[in-house]
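Step one of this worksheet: look at the structure below.
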Amino acid sequence: MIRNSVIAAIEDDYEQHLQLIEQFRGELATLPIGTLHSRVNKGKTRYYHYIPSPAPGVPAREAYINKSQEHLVEALARRKFIEKSLRLLEKNIKILKALLDEYTTYDPEAIIL
């Protein structure tokens with residue numbers, strides 16, 4: 001029946017989203033705090049680690065990332081990817097959950113009775 005395959009696909013998607021959220025949250029805890037900023041100066045791209053202030057009223061810090069710290073650039077880029085992915089996945093989870101809760105199968109036999 002079409003309904004069963006559609007609902008099964010949505011349930012699979014829902015479960016996959018939950019697993020990805022759990023995996024990404026675990027990975028996020030291992031990544032450095034802050035964001036990656038870049039500037040182009042004289043044709044060269046320079047990367048900076050923007051570190052937010054832990055205390056209100058204290059300005060954030062920006063530290064230059066040299067070539068030997070390339071792993072930091074990759075880690076901060078990964079952090080940004082995961083943060084954006086988590087927002088999307090959490091939004092989708094709400095939609096999928098509502099769909100699974102509210103979906104009603106069209107069954108002509110049930111309507112006649």
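Just remember, in the structure tokens the first chain shown is A, the second B, etc., residues are 1-based per chain, and ligands are 1-based in the order shown.
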Fill in: 10 Å contact set for Tyr48 in chain A, only C-alpha atoms, chain neighbours under 5 positions out, as JSON, numbers by chain
{"A": [35, 36, 37, 38, 39, 61, 62, 63, 64, 65, 66, 72, 73]}
Keeping only N, CA and C atoms, take the residues you just selected and write them out as a compact mmCIF listing (two decimals), in the first residue's frame.
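Written output follows (out-v1.txt):
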```txt
# COMPACT_ATOMS: atom_id res chain seq x y z
N THR A 35 34.41 31.25 15.87
CA THR A 35 34.11 31.18 14.45
C THR A 35 35.35 31.55 13.63
N LEU A 36 35.27 31.20 12.36
CA LEU A 36 36.36 31.47 11.43
C LEU A 36 36.03 32.71 10.62
N HIS A 37 36.95 33.64 10.56
CA HIS A 37 36.82 34.83 9.74
C HIS A 37 37.99 34.85 8.77
N SER A 38 37.77 35.42 7.59
CA SER A 38 38.87 35.53 6.64
C SER A 38 38.90 36.93 6.06
N ARG A 39 40.09 37.34 5.71
CA ARG A 39 40.30 38.64 5.07
C ARG A 39 41.30 38.45 3.95
N ARG A 61 37.59 38.49 21.05
CA ARG A 61 38.98 38.48 20.64
C ARG A 61 39.11 37.87 19.25
N GLU A 62 40.05 38.35 18.48
CA GLU A 62 40.30 37.79 17.16
C GLU A 62 41.79 37.48 17.06
N ALA A 63 42.11 36.21 16.79
CA ALA A 63 43.51 35.78 16.74
C ALA A 63 43.85 35.29 15.34
N TYR A 64 45.00 35.71 14.83
CA TYR A 64 45.46 35.27 13.52
C TYR A 64 45.80 33.78 13.57
N ILE A 65 45.43 33.06 12.51
CA ILE A 65 45.74 31.64 12.40
C ILE A 65 46.85 31.50 11.37
N ASN A 66 48.02 31.06 11.81
CA ASN A 66 49.12 30.91 10.85
C ASN A 66 49.05 29.56 10.13
N LEU A 72 43.16 24.07 12.73
CA LEU A 72 42.21 24.96 13.39
C LEU A 72 41.22 25.54 12.38
N VAL A 73 41.70 25.89 11.20
CA VAL A 73 40.83 26.39 10.13
C VAL A 73 39.80 25.31 9.78
```
Fill in: Those in chain A with helix (DSSP H, G or I) from DSSP, as a PyMOL selection string
chain A and resi 2-30+67-102+108-112
Output for the residues just chosen: C-alpha atoms as a PDB file, in the first residue's frame:
```pdb
ATOM      1  CA  ILE A   2       1.250   3.492  -0.854  1.00  0.00           C
ATOM      2  CA  ARG A   3       0.510   4.865   2.610  1.00  0.00           C
ATOM      3  CA  ASN A   4       2.736   2.335   4.316  1.00  0.00           C
ATOM      4  CA  SER A   5       5.690   3.057   2.035  1.00  0.00           C
ATOM      5  CA  VAL A   6       5.286   6.823   2.406  1.00  0.00           C
ATOM      6  CA  ILE A   7       4.975   6.656   6.195  1.00  0.00           C
ATOM      7  CA  ALA A   8       7.871   4.195   6.380  1.00  0.00           C
ATOM      8  CA  ALA A   9      10.052   6.568   4.348  1.00  0.00           C
ATOM      9  CA  ILE A  10       9.113   9.500   6.605  1.00  0.00           C
ATOM     10  CA  GLU A  11       9.797   7.427   9.734  1.00  0.00           C
ATOM     11  CA  ASP A  12      13.191   6.397   8.325  1.00  0.00           C
ATOM     12  CA  ASP A  13      13.999  10.038   7.570  1.00  0.00           C
ATOM     13  CA  TYR A  14      12.923  11.015  11.090  1.00  0.00           C
ATOM     14  CA  GLU A  15      15.167   8.352  12.672  1.00  0.00           C
ATOM     15  CA  GLN A  16      18.087   9.317  10.440  1.00  0.00           C
ATOM     16  CA  HIS A  17      17.685  12.972  11.463  1.00  0.00           C
ATOM     17  CA  LEU A  18      17.696  11.989  15.157  1.00  0.00           C
ATOM     18  CA  GLN A  19      20.883   9.971  14.692  1.00  0.00           C
ATOM     19  CA  LEU A  20      22.605  12.807  12.850  1.00  0.00           C
ATOM     20  CA  ILE A  21      21.605  15.285  15.564  1.00  0.00           C
ATOM     21  CA  GLU A  22      23.080  13.034  18.241  1.00  0.00           C
ATOM     22  CA  GLN A  23      26.273  12.488  16.222  1.00  0.00           C
ATOM     23  CA  PHE A  24      26.693  16.209  15.432  1.00  0.00           C
ATOM     24  CA  ARG A  25      26.110  17.290  19.040  1.00  0.00           C
ATOM     25  CA  GLY A  26      28.808  14.898  20.206  1.00  0.00           C
ATOM     26  CA  GLU A  27      31.238  16.137  17.582  1.00  0.00           C
ATOM     27  CA  LEU A  28      30.414  19.780  18.321  1.00  0.00           C
ATOM     28  CA  ALA A  29      31.546  19.313  21.922  1.00  0.00           C
ATOM     29  CA  THR A  30      35.031  18.340  20.685  1.00  0.00           C
ATOM     30  CA  LYS A  67      49.883  28.165   8.318  1.00  0.00           C
ATOM     31  CA  SER A  68      51.012  25.713  10.987  1.00  0.00           C
ATOM     32  CA  GLN A  69      47.505  25.863  12.493  1.00  0.00           C
ATOM     33  CA  GLU A  70      45.666  24.677   9.389  1.00  0.00           C
ATOM     34  CA  HIS A  71      43.861  22.073  11.502  1.00  0.00           C
ATOM     35  CA  LEU A  72      42.207  24.960  13.389  1.00  0.00           C
ATOM     36  CA  VAL A  73      40.831  26.387  10.134  1.00  0.00           C
ATOM     37  CA  GLU A  74      39.373  22.964   9.276  1.00  0.00           C
ATOM     38  CA  ALA A  75      37.928  22.519  12.767  1.00  0.00           C
ATOM     39  CA  LEU A  76      36.263  25.944  12.763  1.00  0.00           C
ATOM     40  CA  ALA A  77      34.871  25.359   9.260  1.00  0.00           C
ATOM     41  CA  ARG A  78      33.504  22.000  10.459  1.00  0.00           C
ATOM     42  CA  ARG A  79      31.938  23.725  13.492  1.00  0.00           C
ATOM     43  CA  LYS A  80      30.111  26.160  11.215  1.00  0.00           C
ATOM     44  CA  PHE A  81      28.870  23.306   9.019  1.00  0.00           C
ATOM     45  CA  ILE A  82      27.605  21.350  12.036  1.00  0.00           C
ATOM     46  CA  GLU A  83      25.882  24.364  13.599  1.00  0.00           C
ATOM     47  CA  LYS A  84      24.025  25.113  10.356  1.00  0.00           C
ATOM     48  CA  SER A  85      23.187  21.435   9.880  1.00  0.00           C
ATOM     49  CA  LEU A  86      21.799  21.156  13.406  1.00  0.00           C
ATOM     50  CA  ARG A  87      19.473  24.108  12.856  1.00  0.00           C
ATOM     51  CA  LEU A  88      18.150  22.523   9.670  1.00  0.00           C
ATOM     52  CA  LEU A  89      17.823  19.036  11.154  1.00  0.00           C
ATOM     53  CA  GLU A  90      15.999  20.304  14.251  1.00  0.00           C
ATOM     54  CA  LYS A  91      13.584  22.268  12.071  1.00  0.00           C
ATOM     55  CA  ASN A  92      12.956  19.180   9.935  1.00  0.00           C
ATOM     56  CA  ILE A  93      12.421  17.007  13.022  1.00  0.00           C
ATOM     57  CA  LYS A  94       9.570  19.260  14.163  1.00  0.00           C
ATOM     58  CA  ILE A  95       7.960  19.110  10.721  1.00  0.00           C
ATOM     59  CA  LEU A  96       8.362  15.342  10.378  1.00  0.00           C
ATOM     60  CA  LYS A  97       7.031  14.728  13.897  1.00  0.00           C
ATOM     61  CA  ALA A  98       3.954  16.863  13.207  1.00  0.00           C
ATOM     62  CA  LEU A  99       3.392  15.063   9.922  1.00  0.00           C
ATOM     63  CA  LEU A 100       3.654  11.638  11.530  1.00  0.00           C
ATOM     64  CA  ASP A 101       1.303  12.693  14.358  1.00  0.00           C
ATOM     65  CA  GLU A 102      -1.311  14.325  12.113  1.00  0.00           C
ATOM     66  CA  PRO A 108     -12.493   5.095   0.772  1.00  0.00           C
ATOM     67  CA  GLU A 109     -13.840   2.081   2.667  1.00  0.00           C
ATOM     68  CA  ALA A 110     -13.600   3.881   5.991  1.00  0.00           C
ATOM     69  CA  ILE A 111     -15.372   6.949   4.610  1.00  0.00           C
ATOM     70  CA  ILE A 112     -18.366   4.928   3.371  1.00  0.00           C
TER      71      ILE A 112
END
```
Worksheet item: When DSSP works through the backbone of this structure, what residues of chain A end up as strand (DSSP E or B), shown as an MDAnalysis selection string?
Response: chainID A and resid 35:41 44:51 61:65
